[in-house]
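> I'm passing along structure.txt; it holds compact mmCIF, C-alpha atoms.
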# COMPACT_ATOMS: atom_id res chain seq x y z
CA MET H 117 127.48 146.18 187.71
CA ILE H 118 127.00 142.58 186.54
CA THR H 119 123.51 141.71 185.41
CA ARG H 120 122.26 138.54 186.97
CA ILE H 121 119.79 136.49 184.99
CA SER H 122 117.58 134.05 186.83
CA HIS H 123 117.00 130.55 185.46
CA ARG H 124 113.27 131.12 185.57
CA HIS H 125 113.41 133.12 182.39
CA PHE H 126 114.80 130.09 180.49
CA THR H 127 112.10 127.89 181.96
CA ALA H 128 109.37 130.28 180.82
CA LEU H 129 110.89 130.49 177.33
CA ALA H 130 110.91 126.69 176.94
CA GLN H 131 107.32 126.48 178.12
CA ARG H 132 106.20 129.10 175.59
CA GLN H 133 107.92 127.23 172.73
CA ALA H 134 106.31 123.89 173.75
CA THR H 135 102.88 125.50 173.90
CA ALA H 136 103.35 127.04 170.44
CA LEU H 137 104.41 123.65 168.99
CA HIS H 138 101.39 121.93 170.51
CA SER H 139 98.95 124.48 169.10
CA SER H 140 100.50 124.41 165.60
CA ILE H 141 100.17 120.59 165.35
CA LEU H 142 96.53 120.60 166.38
CA ARG H 143 95.62 123.57 164.20
CA ALA H 144 95.12 121.39 161.06
CA SER H 145 91.63 120.12 161.98
CA LEU H 146 88.63 121.67 163.64
CA PRO H 147 88.10 118.89 166.20
CA ALA H 148 91.74 119.23 167.20
CA ARG H 149 91.34 123.00 167.70
CA ARG H 150 88.25 122.42 169.79
CA LEU H 151 90.06 119.82 171.83
CA LEU H 152 93.00 122.20 172.26
CA ALA H 153 90.69 124.96 173.44
CA THR H 154 89.33 122.74 176.20
CA THR H 155 92.47 120.86 177.27
CA ALA H 156 95.47 123.08 176.53
CA PRO H 157 96.90 124.76 179.60
CA ARG H 158 96.72 128.47 179.76
CA ARG H 159 99.85 130.43 179.11
CA GLN H 160 101.24 131.61 182.37
CA GLN H 161 103.00 134.88 182.70
CA PRO H 162 106.67 134.48 183.53
CA PRO H 163 107.53 135.57 187.03
CA LYS H 164 108.91 139.01 187.33
CA THR H 165 112.50 139.42 188.49
CA TYR H 166 113.64 142.51 190.19
CA PHE H 167 117.22 143.67 190.50
CA ASP H 168 118.74 145.32 193.51
CA ASP H 169 117.82 148.72 192.29
CA GLY H 170 114.17 147.72 191.80
CA SER H 171 114.30 147.78 187.99
CA GLN H 172 113.00 144.90 185.78
CA PRO H 173 115.21 143.14 183.29
CA LYS H 174 114.68 143.84 179.65
CA PRO H 175 113.08 141.04 177.53
CA TYR H 176 115.50 138.73 175.86
CA PHE H 177 113.56 138.78 172.60
CA THR H 178 111.78 141.52 170.81
CA GLU H 179 109.26 141.25 168.01
CA GLU H 180 111.95 142.09 165.49
CA SER H 181 114.53 139.70 166.91
CA LYS H 182 112.37 136.54 167.27
CA PRO H 183 113.59 133.60 165.23
CA LYS H 184 111.56 133.10 162.07
CA THR H 185 111.33 130.18 159.58
CA TYR H 186 110.50 130.82 155.96
CA PHE H 187 109.42 128.33 153.28
CA THR H 188 109.04 129.31 149.67
CA SER H 189 108.12 127.37 146.56
CA GLU H 190 111.56 128.06 145.03
CA SER H 191 113.61 126.67 147.90
CA THR H 192 112.89 124.07 150.58
CA THR H 193 116.08 124.71 152.55
CA GLU H 194 115.70 126.46 155.85
CA PRO H 195 117.46 129.84 156.15
CA PRO H 196 119.79 130.26 159.06
CA VAL H 197 118.14 131.48 162.21
CA LYS H 198 119.45 134.67 163.68
CA THR H 199 118.90 135.28 167.36
CA TYR H 200 119.46 138.67 168.93
CA PHE H 201 119.64 139.42 172.64
CA SER H 202 119.08 142.77 174.18
CA ASP H 203 122.46 142.70 175.82
CA THR H 204 125.79 141.55 174.69
CA THR H 205 125.78 138.41 176.78
CA PRO H 206 125.77 135.35 174.57
CA SER H 207 123.19 132.67 175.35
CA PRO H 208 123.30 128.98 174.66
CA GLN H 209 121.95 127.89 171.27
CA ALA H 210 118.43 126.50 171.58
CA PRO H 211 117.16 123.82 169.21
CA VAL H 212 115.33 125.25 166.23
CA GLN H 213 111.65 124.24 166.10
CA THR H 214 109.87 123.99 162.73
CA TYR H 215 106.15 124.57 162.62
CA PHE H 216 103.78 123.61 159.80
CA THR H 217 100.57 125.34 158.95
CA ASP H 218 97.71 124.33 156.67
CA SER H 219 99.40 125.92 153.65
CA SER H 220 102.83 124.42 154.30
CA PRO H 221 103.81 121.48 152.01
CA VAL H 222 104.38 118.15 153.74
CA PRO H 223 107.84 116.74 153.05
CA PRO H 224 107.74 113.44 151.10
CA THR H 225 108.17 110.27 153.06
CA ALA H 226 111.04 107.97 152.29
CA PRO H 227 110.21 104.66 150.58
CA PRO H 228 110.30 101.59 152.79
CA GLN H 229 113.66 99.95 152.98
CA LEU H 230 113.80 96.29 151.96
CA ASP H 231 115.47 93.88 154.23
CA PRO H 232 118.62 92.69 152.42
CA ALA H 233 118.66 89.57 154.57
CA ALA H 234 115.20 88.46 153.44
CA GLU H 235 115.27 85.78 150.74
CA PRO H 236 113.24 86.47 147.55
CA LYS H 237 110.18 84.26 147.02
CA PRO H 238 110.70 81.62 144.36
CA LYS H 239 108.59 82.01 141.21
CA LYS H 240 105.83 79.48 140.68
CA LYS H 241 106.64 77.00 137.97
CA ARG H 242 104.05 76.74 135.25
CA ARG H 243 103.03 73.12 134.84
CA LEU H 244 102.93 71.71 131.34
CA LEU H 245 100.42 68.88 131.95
CA PRO H 246 97.33 71.13 132.53
CA ARG H 247 98.11 72.99 129.32
CA ILE H 248 98.31 69.76 127.37
CA LEU H 249 95.01 68.49 128.83
CA PHE H 250 93.34 71.84 128.13
CA ALA H 251 94.47 71.81 124.50
CA ALA H 252 93.50 68.15 124.03
CA PHE H 253 90.00 68.71 125.45
CA PHE H 254 89.17 71.65 123.20
CA THR H 255 90.73 69.97 120.18
CA THR H 256 88.52 66.92 120.69
CA LEU H 257 85.46 69.10 121.25
CA GLY H 258 86.13 71.08 118.09
CA ALA H 259 86.61 67.91 116.05
CA ALA H 260 83.34 66.44 117.35
CA VAL H 261 81.36 69.60 116.60
CA GLY H 262 82.92 69.86 113.15
CA TRP H 263 82.17 66.21 112.38
CA ALA H 264 78.53 66.66 113.45
CA ALA H 265 78.16 69.82 111.37
CA LEU H 266 79.73 68.11 108.35
CA ASN H 267 77.29 65.21 108.61
CA ILE H 268 74.38 67.65 108.70
CA VAL H 269 75.56 69.67 105.72
CA ILE H 270 77.01 66.76 103.73
CA PRO H 271 75.52 63.48 105.04
CA ALA H 272 77.17 60.19 104.28
CA PRO H 273 75.87 58.43 101.14
CA PRO H 274 73.17 55.83 101.90
CA ALA H 275 74.05 52.18 101.88
CA GLU H 276 72.71 50.14 98.99
CA PRO H 277 69.80 47.89 100.07
CA ASP H 278 70.86 44.32 100.92
CA SER H 279 74.56 45.29 100.77
CA PRO H 280 76.92 44.17 103.59
CA ARG H 281 76.85 47.68 105.00
CA ASP H 282 73.04 47.75 104.87
CA ILE H 283 72.80 44.35 106.56
CA SER H 284 75.15 45.52 109.30
CA ASN H 285 73.02 48.62 109.84
CA LYS H 286 69.87 46.51 110.13
CA GLU H 287 71.47 44.30 112.76
CA ARG H 288 72.50 47.32 114.78
CA ILE H 289 68.99 48.83 114.53
CA ALA H 290 67.42 45.51 115.60
CA ARG H 291 69.58 45.42 118.75
CA ARG H 292 68.42 48.94 119.62
CA ALA H 293 64.78 47.95 119.06
CA ALA H 294 65.09 44.93 121.36
CA SER H 295 65.97 47.26 124.25
CA LEU H 296 62.77 49.35 123.87
CA SER H 297 60.25 48.89 126.67
CA VAL H 298 57.28 48.81 124.27
CA VAL H 299 58.84 45.93 122.31
CA GLN H 300 59.56 43.98 125.48
CA LYS H 301 55.99 44.42 126.76
CA LEU H 302 54.46 43.33 123.45
CA ASN H 303 56.65 40.22 123.33
CA GLU H 304 55.69 39.26 126.89
CA ASP H 305 51.91 39.87 126.56
CA PRO H 306 50.04 36.72 125.35
CA ALA H 307 47.31 38.88 123.75
CA TRP H 308 49.90 40.14 121.28
CA ALA H 309 51.53 36.78 120.65
CA GLU H 310 51.03 36.94 116.88
CA SER H 311 53.74 39.10 115.26
CA TRP H 312 55.74 39.30 112.03
CA ASP H 313 58.00 41.57 110.01
CA ALA H 314 56.02 43.90 107.77
CA TYR H 315 55.47 42.75 104.16
CA GLU H 316 57.04 39.36 104.77
CA SER H 317 54.15 37.60 102.96
CA LEU H 318 54.60 39.60 99.74
CA SER H 319 56.14 37.83 96.79
CA GLU H 320 59.42 38.97 95.31
CA GLU H 321 57.69 40.31 92.22
CA HIS H 322 55.23 42.24 94.35
CA ARG H 323 58.06 43.72 96.48
CA LYS H 324 59.81 45.19 93.43
CA GLN H 325 56.83 47.41 92.63
CA HIS H 326 55.97 48.26 96.22
CA ILE H 327 57.04 51.61 97.74
CA MET H 328 57.56 50.55 101.32
CA ALA H 329 58.73 46.98 100.71
CA GLY H 330 60.75 47.81 97.61
CA THR H 331 62.01 51.38 97.20
CA LEU H 332 62.33 52.08 100.94
CA ARG H 333 63.36 48.59 101.99
CA GLY H 334 66.91 49.49 103.09
CA SER H 335 68.14 50.71 106.46
CA TYR H 336 68.00 54.29 105.15
CA GLY H 337 64.26 53.89 104.51
CA VAL H 338 61.73 52.05 106.67
CA GLY H 339 63.25 48.60 106.15
CA GLY H 340 65.71 48.94 109.02
CA TYR H 341 63.07 47.76 111.48
CA GLN H 342 59.27 47.41 111.08
CA ARG H 343 57.70 44.76 113.28
CA VAL H 344 53.90 44.19 113.51
CA TRP H 345 51.94 42.76 116.49
CA TYR H 346 48.31 41.67 116.11
CA ASN H 347 45.62 41.33 118.79
CA ARG H 348 43.13 38.79 117.40
CA ALA H 349 40.53 39.54 120.08
CA THR H 350 40.21 43.26 119.34
CA GLY H 351 41.52 43.40 115.78
CA GLU H 352 44.11 46.06 116.78
CA LEU H 353 47.60 46.19 115.35
CA VAL H 354 50.76 47.82 116.73
CA SER H 355 53.85 48.46 114.61
CA VAL H 356 57.27 49.65 115.76
CA VAL H 357 59.00 51.47 112.88
CA TYR H 358 62.48 52.92 112.45
CA PHE H 359 62.71 55.89 110.05
CA GLY H 360 66.04 56.22 108.26
CA LEU H 361 67.56 59.32 106.69
CA GLY H 362 66.15 58.35 103.29
CA THR H 363 62.63 59.25 104.47
CA THR H 364 63.30 62.95 105.20
CA GLY H 365 62.07 66.11 103.52
CA TRP H 366 63.66 68.81 105.66
CA PRO H 367 66.98 67.70 107.21
CA TYR H 368 66.27 65.02 109.83
CA VAL H 369 62.48 65.57 109.56
CA VAL H 370 60.48 62.69 108.08
CA HIS H 371 58.51 63.72 104.99
CA GLY H 372 54.75 64.02 105.46
CA GLY H 373 54.15 61.93 102.34
CA CYS H 374 56.17 59.07 103.82
CA LEU H 375 54.10 59.25 107.02
CA ALA H 376 50.87 59.27 104.98
CA THR H 377 52.00 56.20 103.03
CA LEU H 378 52.93 54.36 106.20
CA LEU H 379 49.56 55.13 107.83
CA ASP H 380 47.70 54.14 104.67
CA GLU H 381 49.50 50.78 104.64
CA SER H 382 48.90 50.26 108.36
CA CYS H 383 45.17 51.05 108.17
CA GLY H 384 44.80 48.80 105.11
CA ARG H 385 46.52 46.01 107.04
CA ALA H 386 43.87 46.27 109.79
CA ALA H 387 41.03 46.23 107.20
CA PHE H 388 42.47 43.18 105.39
CA LYS H 389 42.81 41.28 108.69
CA LYS H 390 39.19 42.11 109.55
CA TRP H 391 37.99 40.79 106.17
CA GLY H 392 39.88 37.54 106.62
CA GLY H 393 42.59 38.26 104.07
CA TYR H 394 40.40 39.87 101.45
CA GLY H 395 41.95 43.07 100.14
CA GLY H 396 40.56 46.51 99.36
CA VAL H 397 41.47 50.07 98.48
CA THR H 398 41.58 53.39 100.29
CA ALA H 399 38.39 55.47 99.97
CA LYS H 400 39.28 58.23 102.45
CA LEU H 401 42.33 59.19 104.48
CA GLU H 402 42.44 62.22 106.76
CA LEU H 403 45.64 63.16 108.58
CA ASN H 404 46.39 65.56 111.41
CA TYR H 405 50.12 66.33 111.77
CA ARG H 406 50.65 67.44 115.36
CA ARG H 407 54.44 67.23 115.79
CA PRO H 408 57.40 66.74 113.43
CA VAL H 409 58.66 63.17 113.23
CA LEU H 410 62.46 62.97 113.30
CA ALA H 411 64.59 60.49 111.40
CA ASN H 412 66.97 57.99 112.99
CA ASN H 413 64.35 57.28 115.67
CA PHE H 414 61.77 54.63 116.57
CA TYR H 415 58.03 55.35 116.57
CA VAL H 416 54.92 53.31 117.40
CA VAL H 417 51.98 53.05 114.96
CA ARG H 418 48.69 52.01 116.63
CA VAL H 419 45.75 51.01 114.40
CA ARG H 420 42.22 50.17 115.56
CA PRO H 421 39.23 49.26 113.33
CA LEU H 422 35.96 50.74 114.57
CA GLN H 423 33.29 48.40 115.88
CA GLU H 424 29.62 48.44 114.75
CA ASP H 425 28.45 50.40 117.79
CA GLU H 426 31.00 53.15 117.05
CA LEU H 427 29.72 53.75 113.51
CA PRO H 428 26.99 56.16 112.43
CA GLU H 429 23.53 54.64 112.08
CA GLN H 430 23.61 54.72 108.28
CA GLU H 431 26.95 52.86 108.13
CA ARG H 432 26.04 49.92 110.33
CA GLY H 433 25.68 46.52 108.73
CA LYS H 434 28.18 47.28 105.98
CA GLY H 435 31.27 45.87 107.62
CA HIS H 436 31.66 43.08 105.03
CA TYR H 437 32.84 45.64 102.45
CA LYS H 438 33.44 48.84 104.49
CA CYS H 439 36.02 49.29 107.25
CA PHE H 440 36.51 52.49 109.23
CA VAL H 441 39.94 52.71 110.91
CA LYS H 442 41.62 55.08 113.35
CA ALA H 443 45.42 55.25 113.63
CA LEU H 444 48.11 57.33 115.24
CA ILE H 445 51.89 57.61 115.44
CA GLU H 446 53.31 58.13 118.94
CA ASP H 447 56.62 58.25 120.78
CA PRO H 448 57.62 54.84 122.20
CA GLU H 449 58.88 56.29 125.49
CA THR H 450 56.62 59.25 126.30
CA GLY H 451 53.47 58.31 124.38
CA HIS H 452 53.19 61.77 122.79
CA VAL H 453 51.04 61.68 119.65
CA TYR H 454 52.72 62.98 116.46
CA VAL H 455 50.20 62.14 113.71
CA GLU H 456 46.53 61.14 113.78
CA ALA H 457 44.66 59.44 110.94
CA ASP H 458 41.04 58.51 110.05
CA ALA H 459 40.60 56.14 107.10
CA LEU H 460 37.87 54.32 105.20
CA PHE H 461 38.59 51.20 103.14
CA VAL H 462 36.23 49.44 100.76
CA GLY H 463 36.59 45.97 99.32
CA GLY H 464 36.42 42.76 101.25
CA ARG H 465 33.65 40.49 100.00
CA GLY H 466 31.95 43.29 98.07
CA LYS H 467 28.39 44.53 98.38
CA ASN H 468 26.88 41.28 97.17
CA GLY H 469 29.01 39.27 99.63
CA GLU H 470 30.49 37.00 96.94
CA GLY H 471 34.15 37.85 97.51
CA ASN H 472 34.39 40.55 94.87
CA GLY H 473 36.89 43.28 95.58
CA ASN H 474 36.98 46.82 94.25
CA GLY H 475 35.76 47.09 90.65
CA GLY H 476 34.47 43.51 90.71
CA LEU H 477 38.00 42.04 91.02
CA LYS H 478 37.88 38.57 92.59
CA TRP H 479 40.52 37.83 95.22
CA GLY H 480 42.11 34.47 94.77
CA GLU H 481 43.67 32.33 97.48
CA GLY H 482 47.14 33.63 96.58
CA GLU H 483 46.16 37.25 97.13
CA ARG H 484 44.44 36.39 100.43
CA ALA H 485 47.59 34.63 101.63
CA GLU H 486 49.66 37.71 100.86
CA HIS H 487 47.33 39.90 102.94
CA GLU H 488 47.59 37.64 106.00
CA ARG H 489 51.06 38.97 106.95
CA PHE H 490 51.00 42.15 104.94
Show this structure as structure tokens.


Amino acid sequence: MITRISHRHFTALAQRQATALHSSILRASLPARRLLATTAPRRQQPPKTYFDDGSQPKPYFTEESKPKTYFTSESTTEPPVKTYFSDTTPSPQAPVQTYFTDSSPVPPTAPPQLDPAAEPKPKKKRRLLPRILFAAFFTTLGAAVGWAALNIVIPAPPAEPDSPRDISNKERIARRAASLSVVQKLNEDPAWAESWDAYESLSEEHRKQHIMAGTLRGSYGVGGYQRVWYNRATGELVSVVYFGLGTTGWPYVVHGGCLATLLDESCGRAAFKKWGGYGGVTAKLELNYRRPVLANNFYVVRVRPLQEDELPEQERGKGHYKCFVKALIEDPETGHVYVEADALFVGGRGKNGEGNGNGGLKWGEGERAEHERF
């Protein structure tokens, strides 16, 4: 008797294998398993086939004869699949399906293949000009910083007074002073029409023994620029002074003694003008240093003699031999005050009003002329 096998058995076998593959792929994640539980079709029982004698055919596969795939850590090659049928009739070879579980290693992916037809990108050429400009900029910056630091640590030697270099420096300083707004306003205001260079009325012999007009007369002292303006109506004086490097104590900071000497001279100038050219001496000088004065800069010195109504009651009526003066040093651009001074000078015509100066010294016409443009 020839056993007849219906094609339905092959259809059922293929359906079971497809269902097993689908469930193995979705087993890796919980959402996939949940989705599979709700959407996967239920496994249908294969239809039963009955032979002529009423008996059912035996199953093609048993639990022991089902194809199995093994993976071990020592070998990744797949062992040959052995398929056994319950009868001796050979069956066509079905494709072997490989299933992965959570513990199965994933085979490595092959690296992407480069297109041999694609042309390689050309390398960017490094330009030489930006490098040269970069090096030149930092070289110049380093040289400038080094030159500035060298001048601070080891300043250039001062020019000798009245030398060609000193004269050139004075001309350069005078051009800078002419551009100051305070100098321009004083020159344009008729009330300040009377002006002169400081100490221009002193004789040559007197200059040699004078601190400001002699020792500090060069461009490195206070002789670079010191111009005086006089207001005859109020008796006030304004001086614009340039402090050179020769006036410093700390580096680039003008010495307090130099500032005190300058204020003493400026206050005395106001007292001598009030007394009509008669001289005197300093009786009191009080200073208040508020800010450091820096060298190589211009500053304004304002001097004002006090009027009778500004004096204490006991000092009124003594103006012929006493002169109280207030002065200050300020910035020519901002007006910030750097030093304040209060001074008292005695001299003039003396207490008896006969023209006697301090200690009974009589001022001659020559001395009075020197004090006019002191």

> One decimal, in Å: what's the spacing between atom CA of H:Asp278 and atom CA of H:Val370?

22.3 Å

> Centre and edge lengths of an axis-aligned box around all listed atoms of stretch 363-373 of chain H, with 4 Å added on each side, are to be given in Å to one decimal, as AutoDock Vina command-line options.


--center_x 60.6 --center_y 64.0 --center_z 106.1 --size_x 20.8 --size_y 17.6 --size_z 15.5

> For stretch 395-406 of chain H, please output as an NGL selection string all residues within 9 Å (counting only C-alpha atoms; exclusion window: fewer than 6 positions along the same chain).

:H and (372 or 376 or 379-380 or 383-385 or 387-389 or 437 or 453-465 or 473-474 or 479 or 483-484 or 487)

> Which one is closest to H:Trp312: H:Glu426, H:Phe253, H:Leu378, H:Arg489? Count only C-alpha atoms.

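Of H:Glu426, H:Phe253, H:Leu378, H:Arg489, the one nearest H:Trp312 is H:Arg489, counting only C-alpha atoms.
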
> Suppose you want the space between atom CA of H:Thr364 and atom CA of H:Leu410; what is it in Å?

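A separation of 8.1 Å between them.
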
> What's the separation between atom CA of H:Pro280 and atom CA of H:Gly337, in Å to one decimal place?

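Between atom CA of H:Pro280 and atom CA of H:Gly337 the gap works out to 16.0 Å.
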
> Show me the residues around (69.7, 42.2, 97.4) - criterion: an atom at most 12 Å away, all atoms listed in the file counted - as a PyMOL selection string.

chain H and resi 275-283+320+323-324+330-331+333-334

> Pick out the closest residue to H:Trp345 from this set: H:Leu318, H:Ala329, H:Val416, H:Leu249. Count all atoms listed in the file.

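Among H:Leu318, H:Ala329, H:Val416, H:Leu249, it is H:Val416 that comes nearest to H:Trp345.
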
> List as a list in words the protein and nucleic acid residues near H:His436, meaning an atom at most 10 Å away when all atoms listed in the file are counted, but skip any in the same chain fewer than 2 places from it.

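Non-adjacent residues within range: Lys390, Trp391, Tyr394, Gly433, Lys434, Lys438, Cys439, Val462, Gly463, Gly464, Arg465, Gly466, Lys467, Asn468, Gly469 and Gly471 of chain H.
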
> Taking the point (62.1, 49.8, 109.6) as given in the file, collect each protein or nucleic acid residue that comes within 9 Å of it, counting only C-alpha atoms, and present the set as JSON, numbers by chain.

{"H": [286, 289, 314, 332, 333, 334, 335, 336, 337, 338, 339, 340, 341, 342, 343, 356, 357, 358, 359, 360, 414]}

> Choose the residue, out of H:Ser317, H:Gln131, H:Asn412, H:Ser382, that has the smallest atom-to-atom separation from H:Arg292; count all atoms listed in the file.

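Checking each candidate against H:Arg292, we get H:Asn412 as the closest.
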
> Can I get stretch 429-440 of chain H with N, CA and C atoms filled in, as a PDB file, keeping the file's coordinate frame?


ATOM      1  N   GLU H 429      24.661  55.552 112.305  1.00  0.00           N
ATOM      2  CA  GLU H 429      23.530  54.640 112.080  1.00  0.00           C
ATOM      3  C   GLU H 429      23.455  54.185 110.622  1.00  0.00           C
ATOM      4  N   GLN H 430      23.731  55.084 109.696  1.00  0.00           N
ATOM      5  CA  GLN H 430      23.610  54.720 108.280  1.00  0.00           C
ATOM      6  C   GLN H 430      24.737  53.834 107.785  1.00  0.00           C
ATOM      7  N   GLU H 431      25.816  53.676 108.570  1.00  0.00           N
ATOM      8  CA  GLU H 431      26.950  52.860 108.130  1.00  0.00           C
ATOM      9  C   GLU H 431      26.984  51.481 108.788  1.00  0.00           C
ATOM     10  N   ARG H 432      26.054  51.220 109.656  1.00  0.00           N
ATOM     11  CA  ARG H 432      26.040  49.920 110.330  1.00  0.00           C
ATOM     12  C   ARG H 432      25.515  48.835 109.402  1.00  0.00           C
ATOM     13  N   GLY H 433      26.063  47.647 109.569  1.00  0.00           N
ATOM     14  CA  GLY H 433      25.680  46.520 108.730  1.00  0.00           C
ATOM     15  C   GLY H 433      26.414  46.452 107.415  1.00  0.00           C
ATOM     16  N   LYS H 434      27.420  47.270 107.222  1.00  0.00           N
ATOM     17  CA  LYS H 434      28.180  47.280 105.980  1.00  0.00           C
ATOM     18  C   LYS H 434      29.629  46.861 106.189  1.00  0.00           C
ATOM     19  N   GLY H 435      29.894  46.218 107.300  1.00  0.00           N
ATOM     20  CA  GLY H 435      31.270  45.870 107.620  1.00  0.00           C
ATOM     21  C   GLY H 435      31.879  44.834 106.706  1.00  0.00           C
ATOM     22  N   HIS H 436      31.083  44.086 105.903  1.00  0.00           N
ATOM     23  CA  HIS H 436      31.660  43.080 105.030  1.00  0.00           C
ATOM     24  C   HIS H 436      32.379  43.700 103.833  1.00  0.00           C
ATOM     25  N   TYR H 437      32.102  44.985 103.552  1.00  0.00           N
ATOM     26  CA  TYR H 437      32.840  45.640 102.450  1.00  0.00           C
ATOM     27  C   TYR H 437      33.323  47.053 102.810  1.00  0.00           C
ATOM     28  N   LYS H 438      32.961  47.556 104.020  1.00  0.00           N
ATOM     29  CA  LYS H 438      33.440  48.840 104.490  1.00  0.00           C
ATOM     30  C   LYS H 438      34.146  48.658 105.838  1.00  0.00           C
ATOM     31  N   CYS H 439      35.265  49.369 105.985  1.00  0.00           N
ATOM     32  CA  CYS H 439      36.020  49.290 107.250  1.00  0.00           C
ATOM     33  C   CYS H 439      36.535  50.691 107.595  1.00  0.00           C
ATOM     34  N   PHE H 440      36.043  51.204 108.724  1.00  0.00           N
ATOM     35  CA  PHE H 440      36.510  52.490 109.230  1.00  0.00           C
ATOM     36  C   PHE H 440      37.632  52.240 110.257  1.00  0.00           C
TER      37      PHE H 440
END
